[in-house]
Every structure is written in structure tokens, then in C-alpha cells.
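Worksheet: the structure to be examined is printed underneath.
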Amino acid sequence: METHTLTTPGADLVYDVRGPLPTADGRPPLFMIGQPMDATGFVALAARFPERTVITYDPRGLGRSKRKDGRVEHTPQTQADDVHAVIEALGTGPVEMFASSGGAVTALALVATYPADVTTLVAHEPPLITLTPDGPAAVRARDGVREAYEKRGWGAGMAAFVAMTSWEGEFTDAFFAQPPADPAAFGMPPQDDGSRDDPLLSDRSWAISSYRPDAEEIAAAPTRTVIAVGEESAGVLTGRTSVATAELLGQRATVFPSHHGGFLDGEFGYPGKPDEFAHRLRQVLDGAS
């Protein structure tokens with residue numbers, strides 16, 4: 001693996017290249033992106049594509065990529081511009097892309113803005129909460145996560161986030177009538193560590209979850225765009241946002257094994273099924289539905 005730093009006016013973007021460029025098999029490189037997950041989250045999945053040249057990167061302000069623009073918020077368009085810059089720096093033409101969570105939102109913005117950059121996009125569980133039928137209630141639930149974080153710190157905020165993302169179905173009065181989520185019940189520290197800059201729990205990434213993809217621009221792009229959803233996500237928030245995003249684009253969500261982090265092998269907690277996930281991703285990249 002080779003690590004590179006791309007200097008742009010707004011950030012120094014660090015990316016990793018596993019395999020040769022140009023590629024050995026003549027296929028486009030396979031670019032894997034997330035948000036707020038950085039390149040470390042794709043180690044297990046990249047290892048399951050030894051025959052491919054795999055690119056991973058750290059979004060600006062996360063991991064090794066340092067911001068120079070003086071800003072703290074994360075927006076799909078800024079990140080799409082960054083990914084475009086990395087693709088140009090590779091110098092090999094368009095890529096295939098697997099994008100997860102906030103990275104899937106970035107990827108949808110990338111396809112709409114730079115349609116020549118990606119041949120096939122597999123956008124896995126984009127958390128576009130305003131697209132769901134209960135969008136206003138989902139926004140209210142998101143507000144509750146930030147409120148818990150601001151008042152009581154990381155443990156309380158993460159407990160509220162888990163409670164929100166594991167809720168089955170629409171956010172009804174029953175959800176909002178619950179007592180505050182107990183950090184100890186989720187194995188989170190109850191004490192306040194004093195931080196208020198977490199990109200997941202603060203409002204710094206709200207532009208991502210509030211984003212509305214440009215369906216017309218995506219349809220007009222030459223990119224084959226696939227919205228993916230984990231089989232274990234049915235009914236919970238990211239499963240519902242995946243279905244809603246697919247419907248916006250005039251398609252049905254393509255089912256993948258496991259859950260929102262189904263490509264992880266346990267290094268970040270609740271393990272997925274990385275072998276089965278990689279097999280399914282390979283099938284979809286090869287043209288299967």
C-alpha cells in the first residue's frame with residue numbers, strides 16, 4: 001500500500017492506493033469512501049479484493065486529512081469536490097465506487113456534479129433522513145441526539161444516537177415519550193469528557209443527512225448507480241432512508257448481507273459479515289442486480 005497526500009486550497013487530503021496504477025486487470029480502480037468513517041473503516045473490505053486496485057481516503061477534517069479552510073462543518077458538495085480531486089490525481093480516468101453512510105451521500109453528489117468520474121456506484125445506506133415519509137419527525141429525533149450530546153457529553157449523545165438508529169419504524173409519539181437513553185445500557189461512559197465536536201453527534205454533519213440528491217442529474221449521468229441496503233436494516237432508520245433514496249431515483253434498493261456496518265469484521269464493535277458482503281459487492285460491481 002502506498003499513501004499519498006494531495007494538497008488543495010482547503011485541505012491536505014490523505015489517500016491510500018492498494019495495488020498498481022494503471023490497474024493490472026484493466027478495470028477502473030475501486031474507490032471506497034465513508035463519512036464520518038475514514039480509511040481505517042475499509043481495511044477489512046479492501047483486503048477481500050486482492051485482485052483489484054483499491055483506493056481509500058480520509059475526508060477533510062477526519063483522520064489524517066487536515067483542513068485549512070477554517071471551517072468545521074461537513075457538506076456533500078465540498079466532499080464531492082475533494083473526491084473528484086483525488087480521482088483526478090490518480091490519473092487513470094473514472095473509478096468504480098463503494099460508498100457507505102455519509103460517504104454514500106458524498107458519492108451521490110459526486111455523480112450529479114462530476115458525472116464522468118464514476119462508472120458504477122454502490123451507495124450503501126445513505127442516511128438521507130428528510131426523504132423518509134416521517135422526515136420532520138426524523139429531523140426532530142436527530143435534534144434530540146445533539147441535545148443529549150450538548151447537555152451531557154459523548155456517552156449520552158452516542159446512547160441517544162443508538163436509540164434513534166435502532167428504532168423500528170417511523171418516529172411516533174412513543175419514541176419521543178421515552179426517557180433519555182442511558183449510556184450504561186449501551187456500554188457507553190456516563191461521564192462527560194467535555195468534547196462537543198463529534199461529527200456524528202453534533203450538528204456539523206447535518207448538511208449530509210439533510211441533503212436531497214439531484215435525481216435528474218444522477219439519471220442523466222453515465223454512471224450506473226445502485227442503492228444498497230443491509231438485510232438487517234429493514235425497518236430501522238438507515239434501512240428506511242435507503243429505500244426512500246432508491247425510490248427517489250426510480251429504483252428498488254439492492255439487498256446486501258448484514259447491517260449498516262456489514263463490511264466490518266468487528267474491529268469497531270458490532271461485527272458484520274465481511275466475507276458475504278464482499279461477495280455480494282463483487283457480484284453487483286460485475287453487473288448483478
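Letters A, B, ... go to the chains of the C-alpha cells in the order shown; residues in each chain start at 1; ligands are counted from 1 in the same order.
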Inset, instruction - Determine, counting only C-alpha atoms, which protein, DNA and RNA residues have an atom within 8 Å of an atom of A:Val111; residues of the same chain fewer than 3 positions away are not included. Present the result as a list in words. - result: Ala107, Leu108, Tyr114, Pro115, Ala116, Asp117, Val118, Glu217, Ile218, Ala221 and Thr223 of chain A
Legend entry - Residues of stretch 24-265 of chain A in helix (DSSP H, G or I), written as JSON, numbers by chain: {"A": [39, 40, 41, 42, 43, 44, 45, 46, 47, 76, 77, 78, 79, 80, 81, 82, 83, 84, 85, 86, 87, 88, 89, 90, 102, 103, 104, 105, 106, 107, 108, 109, 110, 111, 112, 113, 129, 130, 131, 135, 136, 137, 138, 139, 140, 141, 142, 143, 144, 145, 146, 147, 148, 149, 150, 151, 152, 154, 155, 156, 157, 158, 159, 160, 161, 162, 163, 164, 165, 173, 174, 175, 176, 183, 184, 185, 186, 206, 207, 208, 209, 215, 216, 217, 218, 219, 220, 231, 232, 233, 237, 238, 239, 240, 241, 242, 243, 244, 245, 246, 247, 248]}
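Among the candidate residues A:Met188, A:Ala288, A:Leu128, A:Ala181, the one lying nearest to A:Ala148 is A:Ala181, with distances computed using only C-alpha atoms.
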Legend entry - Contact residues around stretch 56-72 of chain A with only C-alpha atoms at 9 Å, ignoring same-chain residues under 6 positions, as a PyMOL selection string: chain A and resi 5+8-18+30-40+42-43+46+78-79+82-83+86+103+197+199+204
Inset, instruction - Determine which residues of stretch 129-269 of chain A DSSP labels as strand (DSSP E) from the backbone of this structure, then write them out as a count of residues only. - result: 10
